[in-house]
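What follows is my_file00.pdb (PDB, C-alpha atoms).
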```pdb
ATOM      1  CA  MET A1448       0.000   0.000   0.000  1.00  0.00           C
ATOM      2  CA  ASN A1449       1.135   3.549  -0.705  1.00  0.00           C
ATOM      3  CA  PRO A1450       2.463   5.119   2.556  1.00  0.00           C
ATOM      4  CA  ILE A1451       0.507   8.342   1.835  1.00  0.00           C
ATOM      5  CA  LEU A1452      -2.737   6.401   2.003  1.00  0.00           C
ATOM      6  CA  GLU A1453      -1.859   5.107   5.486  1.00  0.00           C
ATOM      7  CA  ILE A1454      -1.456   8.564   7.076  1.00  0.00           C
ATOM      8  CA  GLU A1455      -4.724   9.592   8.708  1.00  0.00           C
ATOM      9  CA  HIS A1456      -3.999  11.175  12.071  1.00  0.00           C
ATOM     10  CA  GLY A1457      -1.040  13.488  11.511  1.00  0.00           C
ATOM     11  CA  GLN A1458       0.581  15.014  14.585  1.00  0.00           C
ATOM     12  CA  GLY A1459      -2.287  17.230  15.777  1.00  0.00           C
ATOM     13  CA  TYR A1460      -0.846  20.602  14.716  1.00  0.00           C
ATOM     14  CA  ILE A1461      -2.329  23.568  12.917  1.00  0.00           C
ATOM     15  CA  ALA A1462      -0.235  25.962  10.854  1.00  0.00           C
ATOM     16  CA  LYS A1463      -2.447  29.046  11.083  1.00  0.00           C
ATOM     17  CA  ILE A1464      -5.928  30.457  11.403  1.00  0.00           C
ATOM     18  CA  GLU A1465      -7.238  33.280   9.244  1.00  0.00           C
ATOM     19  CA  THR A1466     -10.291  34.738  10.926  1.00  0.00           C
ATOM     20  CA  HIS A1467     -11.441  36.699   7.848  1.00  0.00           C
ATOM     21  CA  SER A1468     -10.502  35.083   4.556  1.00  0.00           C
ATOM     22  CA  PHE A1469     -11.915  36.386   1.293  1.00  0.00           C
ATOM     23  CA  VAL A1470     -10.250  33.826  -1.013  1.00  0.00           C
ATOM     24  CA  ASP A1471     -10.817  30.400   0.594  1.00  0.00           C
ATOM     25  CA  GLY A1472     -14.353  29.811  -0.666  1.00  0.00           C
ATOM     26  CA  GLU A1473     -17.427  31.955  -1.126  1.00  0.00           C
ATOM     27  CA  GLY A1474     -18.076  34.844   1.214  1.00  0.00           C
ATOM     28  CA  VAL A1475     -16.051  35.820   4.252  1.00  0.00           C
ATOM     29  CA  ARG A1476     -14.730  32.677   5.891  1.00  0.00           C
ATOM     30  CA  CYS A1477     -12.688  31.459   8.818  1.00  0.00           C
ATOM     31  CA  SER A1478      -9.803  29.423   7.365  1.00  0.00           C
ATOM     32  CA  VAL A1479      -7.873  26.809   9.302  1.00  0.00           C
ATOM     33  CA  TYR A1480      -4.632  25.441   7.880  1.00  0.00           C
ATOM     34  CA  VAL A1481      -3.644  22.046   9.284  1.00  0.00           C
ATOM     35  CA  SER A1482       0.011  20.984   9.446  1.00  0.00           C
ATOM     36  CA  GLY A1483       1.394  18.059   7.535  1.00  0.00           C
ATOM     37  CA  CYS A1484       1.084  16.956   3.946  1.00  0.00           C
ATOM     38  CA  PRO A1485       2.667  13.852   2.457  1.00  0.00           C
ATOM     39  CA  PHE A1486       1.999  14.948  -1.146  1.00  0.00           C
ATOM     40  CA  GLN A1487       4.828  17.528  -1.070  1.00  0.00           C
ATOM     41  CA  CYS A1488       3.610  19.267  -4.251  1.00  0.00           C
ATOM     42  CA  LEU A1489       6.336  21.149  -6.108  1.00  0.00           C
ATOM     43  CA  ASP A1490       5.880  24.922  -5.685  1.00  0.00           C
ATOM     44  CA  CYS A1491       3.233  24.476  -2.977  1.00  0.00           C
ATOM     45  CA  TYR A1492       2.028  27.911  -1.865  1.00  0.00           C
ATOM     46  CA  ASN A1493       2.047  26.758   1.767  1.00  0.00           C
ATOM     47  CA  LYS A1494       5.322  24.819   1.904  1.00  0.00           C
ATOM     48  CA  ALA A1495       5.878  25.371   5.632  1.00  0.00           C
ATOM     49  CA  ALA A1496       2.582  23.589   6.388  1.00  0.00           C
ATOM     50  CA  GLN A1497       3.864  20.419   4.688  1.00  0.00           C
ATOM     51  CA  HIS A1498       5.699  19.608   7.943  1.00  0.00           C
ATOM     52  CA  PHE A1499       3.529  17.683  10.419  1.00  0.00           C
ATOM     53  CA  LYS A1500       4.836  19.578  13.465  1.00  0.00           C
ATOM     54  CA  TYR A1501       4.728  23.091  12.022  1.00  0.00           C
ATOM     55  CA  GLY A1502       2.730  25.659  13.961  1.00  0.00           C
ATOM     56  CA  GLU A1503       1.054  24.865  17.252  1.00  0.00           C
ATOM     57  CA  PRO A1504      -0.732  21.879  18.756  1.00  0.00           C
ATOM     58  CA  PHE A1505      -4.486  21.809  18.236  1.00  0.00           C
ATOM     59  CA  THR A1506      -6.181  22.111  21.625  1.00  0.00           C
ATOM     60  CA  GLU A1507      -9.719  22.383  22.968  1.00  0.00           C
ATOM     61  CA  LYS A1508      -9.065  26.086  23.574  1.00  0.00           C
ATOM     62  CA  ILE A1509      -8.095  26.616  19.917  1.00  0.00           C
ATOM     63  CA  LEU A1510     -11.137  24.622  18.804  1.00  0.00           C
ATOM     64  CA  GLN A1511     -13.425  26.906  20.828  1.00  0.00           C
ATOM     65  CA  GLU A1512     -11.655  29.997  19.447  1.00  0.00           C
ATOM     66  CA  ILE A1513     -12.254  28.819  15.869  1.00  0.00           C
ATOM     67  CA  ILE A1514     -15.945  28.188  16.575  1.00  0.00           C
ATOM     68  CA  SER A1515     -16.226  31.663  18.132  1.00  0.00           C
ATOM     69  CA  TYR A1516     -14.613  33.252  15.056  1.00  0.00           C
ATOM     70  CA  CYS A1517     -17.372  31.637  12.969  1.00  0.00           C
ATOM     71  CA  GLU A1518     -20.161  33.083  15.160  1.00  0.00           C
ATOM     72  CA  GLN A1519     -20.382  36.421  13.369  1.00  0.00           C
ATOM     73  CA  SER A1520     -23.352  36.602  11.001  1.00  0.00           C
ATOM     74  CA  TYR A1521     -21.131  37.807   8.133  1.00  0.00           C
ATOM     75  CA  ILE A1522     -18.952  34.676   8.314  1.00  0.00           C
ATOM     76  CA  SER A1523     -20.225  32.303   5.617  1.00  0.00           C
ATOM     77  CA  GLY A1524     -18.456  29.268   6.981  1.00  0.00           C
ATOM     78  CA  LEU A1525     -15.294  27.342   7.670  1.00  0.00           C
ATOM     79  CA  SER A1526     -12.524  26.511   5.185  1.00  0.00           C
ATOM     80  CA  ILE A1527      -9.981  23.786   5.959  1.00  0.00           C
ATOM     81  CA  LEU A1528      -6.725  23.721   4.034  1.00  0.00           C
ATOM     82  CA  GLY A1529      -3.245  22.505   4.643  1.00  0.00           C
ATOM     83  CA  GLY A1530      -1.180  20.689   4.836  1.00  0.00           C
ATOM     84  CA  GLU A1531      -3.554  17.862   4.028  1.00  0.00           C
ATOM     85  CA  PRO A1532      -6.908  17.769   5.886  1.00  0.00           C
ATOM     86  CA  PHE A1533      -7.518  14.083   5.118  1.00  0.00           C
ATOM     87  CA  CYS A1534      -4.154  13.129   6.687  1.00  0.00           C
ATOM     88  CA  ASN A1535      -4.967  15.109   9.854  1.00  0.00           C
ATOM     89  CA  LEU A1536      -8.272  13.565  10.882  1.00  0.00           C
ATOM     90  CA  ASP A1537      -7.625  13.979  14.623  1.00  0.00           C
ATOM     91  CA  VAL A1538      -7.884  17.730  14.011  1.00  0.00           C
ATOM     92  CA  THR A1539     -10.270  18.005  11.074  1.00  0.00           C
ATOM     93  CA  LEU A1540     -12.967  15.581  12.237  1.00  0.00           C
ATOM     94  CA  LYS A1541     -13.116  17.159  15.681  1.00  0.00           C
ATOM     95  CA  LEU A1542     -13.292  20.625  14.119  1.00  0.00           C
ATOM     96  CA  VAL A1543     -15.999  19.706  11.603  1.00  0.00           C
ATOM     97  CA  GLN A1544     -18.089  17.910  14.239  1.00  0.00           C
ATOM     98  CA  ALA A1545     -17.959  20.909  16.584  1.00  0.00           C
ATOM     99  CA  PHE A1546     -18.779  23.257  13.706  1.00  0.00           C
ATOM    100  CA  ARG A1547     -21.804  21.195  12.603  1.00  0.00           C
ATOM    101  CA  GLN A1548     -22.996  20.819  16.194  1.00  0.00           C
ATOM    102  CA  ARG A1549     -22.970  24.605  16.607  1.00  0.00           C
ATOM    103  CA  PHE A1550     -24.117  25.763  13.154  1.00  0.00           C
ATOM    104  CA  GLY A1551     -25.829  22.745  11.562  1.00  0.00           C
ATOM    105  CA  GLN A1552     -26.239  23.445   7.859  1.00  0.00           C
ATOM    106  CA  THR A1553     -26.585  27.238   8.236  1.00  0.00           C
ATOM    107  CA  LYS A1554     -22.919  27.776   7.332  1.00  0.00           C
ATOM    108  CA  THR A1555     -20.761  25.876   4.856  1.00  0.00           C
ATOM    109  CA  ILE A1556     -17.571  23.854   5.083  1.00  0.00           C
ATOM    110  CA  TRP A1557     -15.025  23.948   2.240  1.00  0.00           C
ATOM    111  CA  VAL A1558     -11.999  21.611   2.214  1.00  0.00           C
ATOM    112  CA  TRP A1559      -8.918  21.500  -0.062  1.00  0.00           C
ATOM    113  CA  THR A1560      -7.189  18.135  -0.580  1.00  0.00           C
ATOM    114  CA  GLY A1561      -4.574  16.468  -2.745  1.00  0.00           C
ATOM    115  CA  PHE A1562      -6.721  13.323  -2.800  1.00  0.00           C
ATOM    116  CA  GLN A1563      -9.193  12.731  -5.613  1.00  0.00           C
ATOM    117  CA  PHE A1564     -12.902  12.785  -4.773  1.00  0.00           C
ATOM    118  CA  GLU A1565     -13.364   9.322  -6.309  1.00  0.00           C
ATOM    119  CA  TYR A1566     -10.824   7.829  -3.879  1.00  0.00           C
ATOM    120  CA  LEU A1567     -12.333   9.554  -0.836  1.00  0.00           C
ATOM    121  CA  SER A1568     -15.884   8.579  -1.789  1.00  0.00           C
ATOM    122  CA  GLN A1569     -14.884   4.887  -1.805  1.00  0.00           C
ATOM    123  CA  ASP A1570     -13.221   5.038   1.628  1.00  0.00           C
ATOM    124  CA  LYS A1571     -15.151   3.157   4.311  1.00  0.00           C
ATOM    125  CA  GLY A1572     -13.465   4.827   7.270  1.00  0.00           C
ATOM    126  CA  LEU A1573     -12.775   8.206   8.818  1.00  0.00           C
ATOM    127  CA  ARG A1574     -11.895   9.907   5.547  1.00  0.00           C
ATOM    128  CA  PHE A1575     -15.404   9.221   4.255  1.00  0.00           C
ATOM    129  CA  GLU A1576     -16.839  10.505   7.532  1.00  0.00           C
ATOM    130  CA  LEU A1577     -15.055  13.804   6.956  1.00  0.00           C
ATOM    131  CA  LEU A1578     -16.058  13.905   3.282  1.00  0.00           C
ATOM    132  CA  GLU A1579     -19.756  13.475   4.178  1.00  0.00           C
ATOM    133  CA  SER A1580     -19.593  16.576   6.396  1.00  0.00           C
ATOM    134  CA  VAL A1581     -18.110  18.810   3.687  1.00  0.00           C
ATOM    135  CA  ASP A1582     -20.194  21.034   1.404  1.00  0.00           C
ATOM    136  CA  VAL A1583     -17.521  21.863  -1.184  1.00  0.00           C
ATOM    137  CA  LEU A1584     -14.321  19.924  -1.873  1.00  0.00           C
ATOM    138  CA  VAL A1585     -11.449  21.223  -3.974  1.00  0.00           C
ATOM    139  CA  ASP A1586      -9.600  18.054  -4.951  1.00  0.00           C
ATOM    140  CA  GLY A1587      -6.357  17.108  -6.650  1.00  0.00           C
ATOM    141  CA  MET A1588      -2.701  17.829  -6.080  1.00  0.00           C
ATOM    142  CA  PHE A1589      -1.293  21.153  -7.196  1.00  0.00           C
ATOM    143  CA  ILE A1590       0.648  20.605 -10.437  1.00  0.00           C
ATOM    144  CA  THR A1591       3.029  23.409 -11.351  1.00  0.00           C
ATOM    145  CA  GLN A1592       2.830  22.773 -15.109  1.00  0.00           C
ATOM    146  CA  LEU A1593      -0.979  23.154 -14.930  1.00  0.00           C
ATOM    147  CA  TYR A1594      -0.904  26.354 -12.862  1.00  0.00           C
ATOM    148  CA  ARG A1595      -3.051  29.191 -14.144  1.00  0.00           C
ATOM    149  CA  PRO A1596      -3.541  32.487 -12.337  1.00  0.00           C
ATOM    150  CA  ASN A1597      -7.035  33.517 -11.296  1.00  0.00           C
ATOM    151  CA  LEU A1598      -8.694  30.092 -11.363  1.00  0.00           C
ATOM    152  CA  PRO A1599     -11.642  30.282  -8.954  1.00  0.00           C
ATOM    153  CA  TYR A1600     -10.702  28.548  -5.684  1.00  0.00           C
ATOM    154  CA  LYS A1601      -7.929  26.377  -7.158  1.00  0.00           C
ATOM    155  CA  GLY A1602      -4.361  26.696  -8.376  1.00  0.00           C
ATOM    156  CA  SER A1603      -3.992  24.246 -11.249  1.00  0.00           C
ATOM    157  CA  LEU A1604      -6.240  23.063 -14.070  1.00  0.00           C
ATOM    158  CA  ASN A1605      -6.442  19.460 -12.813  1.00  0.00           C
ATOM    159  CA  GLN A1606      -8.119  20.509  -9.571  1.00  0.00           C
ATOM    160  CA  ARG A1607     -11.906  20.437  -9.303  1.00  0.00           C
ATOM    161  CA  VAL A1608     -14.393  22.336  -7.152  1.00  0.00           C
ATOM    162  CA  ILE A1609     -17.012  19.737  -6.176  1.00  0.00           C
ATOM    163  CA  ASP A1610     -20.502  19.878  -4.689  1.00  0.00           C
ATOM    164  CA  VAL A1611     -20.033  16.970  -2.279  1.00  0.00           C
ATOM    165  CA  SER A1612     -23.618  16.306  -1.180  1.00  0.00           C
ATOM    166  CA  THR A1613     -25.011  16.256  -4.709  1.00  0.00           C
ATOM    167  CA  SER A1614     -22.119  14.103  -5.933  1.00  0.00           C
ATOM    168  CA  LEU A1615     -22.607  11.534  -3.170  1.00  0.00           C
ATOM    169  CA  GLN A1616     -26.392  11.433  -3.611  1.00  0.00           C
ATOM    170  CA  ARG A1617     -26.233  10.981  -7.390  1.00  0.00           C
ATOM    171  CA  GLN A1618     -23.049   8.890  -7.338  1.00  0.00           C
ATOM    172  CA  GLN A1619     -21.957  11.169 -10.132  1.00  0.00           C
ATOM    173  CA  LEU A1620     -19.443  13.978  -9.891  1.00  0.00           C
ATOM    174  CA  SER A1621     -21.151  17.345  -9.675  1.00  0.00           C
ATOM    175  CA  GLU A1622     -18.878  20.353  -9.949  1.00  0.00           C
ATOM    176  CA  TYR A1623     -19.707  23.308  -7.755  1.00  0.00           C
ATOM    177  CA  ILE A1624     -20.470  26.519  -9.597  1.00  0.00           C
ATOM    178  CA  CYS A1625     -21.086  29.774  -7.780  1.00  0.00           C
ATOM    179  CA  SER A1626     -24.594  30.099  -9.186  1.00  0.00           C
ATOM    180  CA  GLY A1627     -25.364  26.413  -8.491  1.00  0.00           C
ATOM    181  CA  PRO A1628     -24.108  22.910  -9.244  1.00  0.00           C
ATOM    182  CA  SER A1629     -23.894  21.406 -12.696  1.00  0.00           C
ATOM    183  CA  THR A1630     -23.455  17.702 -13.273  1.00  0.00           C
ATOM    184  CA  SER A1631     -20.538  16.298 -15.215  1.00  0.00           C
ATOM    185  CA  ASN A1632     -18.565  13.030 -14.976  1.00  0.00           C
ATOM    186  CA  SER A1633     -19.774   9.731 -13.484  1.00  0.00           C
ATOM    187  CA  PHE A1634     -17.527   8.006 -10.983  1.00  0.00           C
TER     188      PHE A1634
END
```

Starting from the coordinates I provided, produce the structure as C-alpha cells.
Amino acid sequence: MNPILEIEHGQGYIAKIETHSFVDGEGVRCSVYVSGCPFQCLDCYNKAAQHFKYGEPFTEKILQEIISYCEQSYISGLSILGGEPFCNLDVTLKLVQAFRQRFGQTKTIWVWTGFQFEYLSQDKGLRFELLESVDVLVDGMFITQLYRPNLPYKGSLNQRVIDVSTSLQRQQLSEYICSGPSTSNSF
C-alpha cells in the first residue's frame, strides 16, 4: 500500500488560522490550515505547512476559538486547508463535528485536498466521515505545469471544485459553480 494512504492522524498541529478570509471559498470565511502533507507538491504555496509539526498543537481552547470566530453573522463558513486535511483527521474531524454541532447546515464547510474525490468517496473509514460533512471539496494535487492564475478557488487546471452532497447522492461527480451545481462526470 502507498504510505501516503496510510497517514490519517497526523501530529495534531495547525499551521495558522485566518479569521477573515476572502479567497478560501465563497463569502467571508474562517480558514484553518492544518500541518502536515505527504503529497509535497512542487511549488506548494504553503510549503511550511507540509511539515507535520509546524505551527502549534491543536487544543480544545483553539477549537473553541475557531468556533467563536465563525459566530459572526457575516462569516459564511469554515474553510480547511493545509497541509492535508484528510491526513490530519484527529484535528479536522473534531473541528468539523464541533462546527456542525454549533451551526448545523446554516454555514458551509469547504476543504482542499490532494486526494481525488473518487478515492475519498470509496473510503469506508474516517476519511469518508469527513467527506460526508463537507459542502464543497477542492480536490487534486497542485501541479506546477498546470498552474493558471485567477482560477476560482484552485491553483492548477487538474483541480476540481465539487458539490459533495449532490455528488454523493447521485453517485456522479457534480462540480460546484457559484450560481449552483452542474453535473458532469460519473464516478

Worksheet item: the PyMOL selection byres ((chain A and resi 1499) around 9) on the file shown: which residues, as JSON, numbers by chain?
Response: {"A": [1457, 1458, 1459, 1460, 1461, 1481, 1482, 1483, 1484, 1485, 1496, 1497, 1498, 1500, 1501, 1502, 1530, 1535]}

Worksheet item: What does the PyMOL selection byres ((chain A and resi 1607-1619) around 6) select in this file, as a VMD selection string?
Response: chain A and resid 1582 to 1586 1606 1620 to 1623 1633 to 1634

Atoms to include: C-alpha atoms. Write the selected residues as a compact mmCIF listing (two decimals), in the frame of the given file.
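File again_19.txt, as written:
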```txt
# COMPACT_ATOMS: atom_id res chain seq x y z
CA ASP A 1582 -20.19 21.03 1.40
CA VAL A 1583 -17.52 21.86 -1.18
CA LEU A 1584 -14.32 19.92 -1.87
CA VAL A 1585 -11.45 21.22 -3.97
CA ASP A 1586 -9.60 18.05 -4.95
CA GLN A 1606 -8.12 20.51 -9.57
CA LEU A 1620 -19.44 13.98 -9.89
CA SER A 1621 -21.15 17.34 -9.68
CA GLU A 1622 -18.88 20.35 -9.95
CA TYR A 1623 -19.71 23.31 -7.76
CA SER A 1633 -19.77 9.73 -13.48
CA PHE A 1634 -17.53 8.01 -10.98
```

Discussion item. For the provided coordinates, the residues matched by the PyMOL selection byres ((chain A and resi 1562-1566) around 7) should be stated as a list in words.
Written reply: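 Here the PyMOL selection byres ((chain A and resi 1562-1566) around 7) matches Thr1560, Gly1561, Leu1567, Ser1568, Gln1569, Asp1570, Asp1586, Gly1587, Met1588 and Phe1634 of chain A.
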
Practice prompt. Record the distance separating CA of Asn1605 (chain A) and CA of Phe1589 (chain A), expressed in Å with one decimal.
Written response: 7.8 Å

Worksheet entry | For Gln1544 (chain A), the nearest of the candidates A:Val1581, A:Cys1517, A:Val1470, A:Ala1462, counting all atoms listed in the file | A:Val1581

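Of the residues under consideration (A:Cys1534, A:Cys1625, A:Ile1527, A:Cys1491), A:Ile1527 shows the shortest atom-to-atom contact distance to Glu1465 (chain A) when counting only C-alpha atoms.
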
Worksheet entry | Atomic distance CA of Ile1509 (chain A) - CA of Thr1553 (chain A), expressed in Å with one decimal |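 Separation of CA of Ile1509 (chain A) and CA of Thr1553 (chain A): 21.9 Å.
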
Worksheet item: So how many Å separate CA of Thr1591 (chain A) and CA of Glu1473 (chain A), to one decimal?
Response: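 It comes out at 24.4 Å.
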
I need region 1463-1495 of chain A from the structure I supplied, saved as a PDB file, in the first residue's frame with C-alpha atoms retained.
```pdb
ATOM      1  CA  LYS A1463      -2.447  29.046  11.083  1.00  0.00           C
ATOM      2  CA  ILE A1464      -5.928  30.457  11.403  1.00  0.00           C
ATOM      3  CA  GLU A1465      -7.238  33.280   9.244  1.00  0.00           C
ATOM      4  CA  THR A1466     -10.291  34.738  10.926  1.00  0.00           C
ATOM      5  CA  HIS A1467     -11.441  36.699   7.848  1.00  0.00           C
ATOM      6  CA  SER A1468     -10.502  35.083   4.556  1.00  0.00           C
ATOM      7  CA  PHE A1469     -11.915  36.386   1.293  1.00  0.00           C
ATOM      8  CA  VAL A1470     -10.250  33.826  -1.013  1.00  0.00           C
ATOM      9  CA  ASP A1471     -10.817  30.400   0.594  1.00  0.00           C
ATOM     10  CA  GLY A1472     -14.353  29.811  -0.666  1.00  0.00           C
ATOM     11  CA  GLU A1473     -17.427  31.955  -1.126  1.00  0.00           C
ATOM     12  CA  GLY A1474     -18.076  34.844   1.214  1.00  0.00           C
ATOM     13  CA  VAL A1475     -16.051  35.820   4.252  1.00  0.00           C
ATOM     14  CA  ARG A1476     -14.730  32.677   5.891  1.00  0.00           C
ATOM     15  CA  CYS A1477     -12.688  31.459   8.818  1.00  0.00           C
ATOM     16  CA  SER A1478      -9.803  29.423   7.365  1.00  0.00           C
ATOM     17  CA  VAL A1479      -7.873  26.809   9.302  1.00  0.00           C
ATOM     18  CA  TYR A1480      -4.632  25.441   7.880  1.00  0.00           C
ATOM     19  CA  VAL A1481      -3.644  22.046   9.284  1.00  0.00           C
ATOM     20  CA  SER A1482       0.011  20.984   9.446  1.00  0.00           C
ATOM     21  CA  GLY A1483       1.394  18.059   7.535  1.00  0.00           C
ATOM     22  CA  CYS A1484       1.084  16.956   3.946  1.00  0.00           C
ATOM     23  CA  PRO A1485       2.667  13.852   2.457  1.00  0.00           C
ATOM     24  CA  PHE A1486       1.999  14.948  -1.146  1.00  0.00           C
ATOM     25  CA  GLN A1487       4.828  17.528  -1.070  1.00  0.00           C
ATOM     26  CA  CYS A1488       3.610  19.267  -4.251  1.00  0.00           C
ATOM     27  CA  LEU A1489       6.336  21.149  -6.108  1.00  0.00           C
ATOM     28  CA  ASP A1490       5.880  24.922  -5.685  1.00  0.00           C
ATOM     29  CA  CYS A1491       3.233  24.476  -2.977  1.00  0.00           C
ATOM     30  CA  TYR A1492       2.028  27.911  -1.865  1.00  0.00           C
ATOM     31  CA  ASN A1493       2.047  26.758   1.767  1.00  0.00           C
ATOM     32  CA  LYS A1494       5.322  24.819   1.904  1.00  0.00           C
ATOM     33  CA  ALA A1495       5.878  25.371   5.632  1.00  0.00           C
TER      34      ALA A1495
END
```
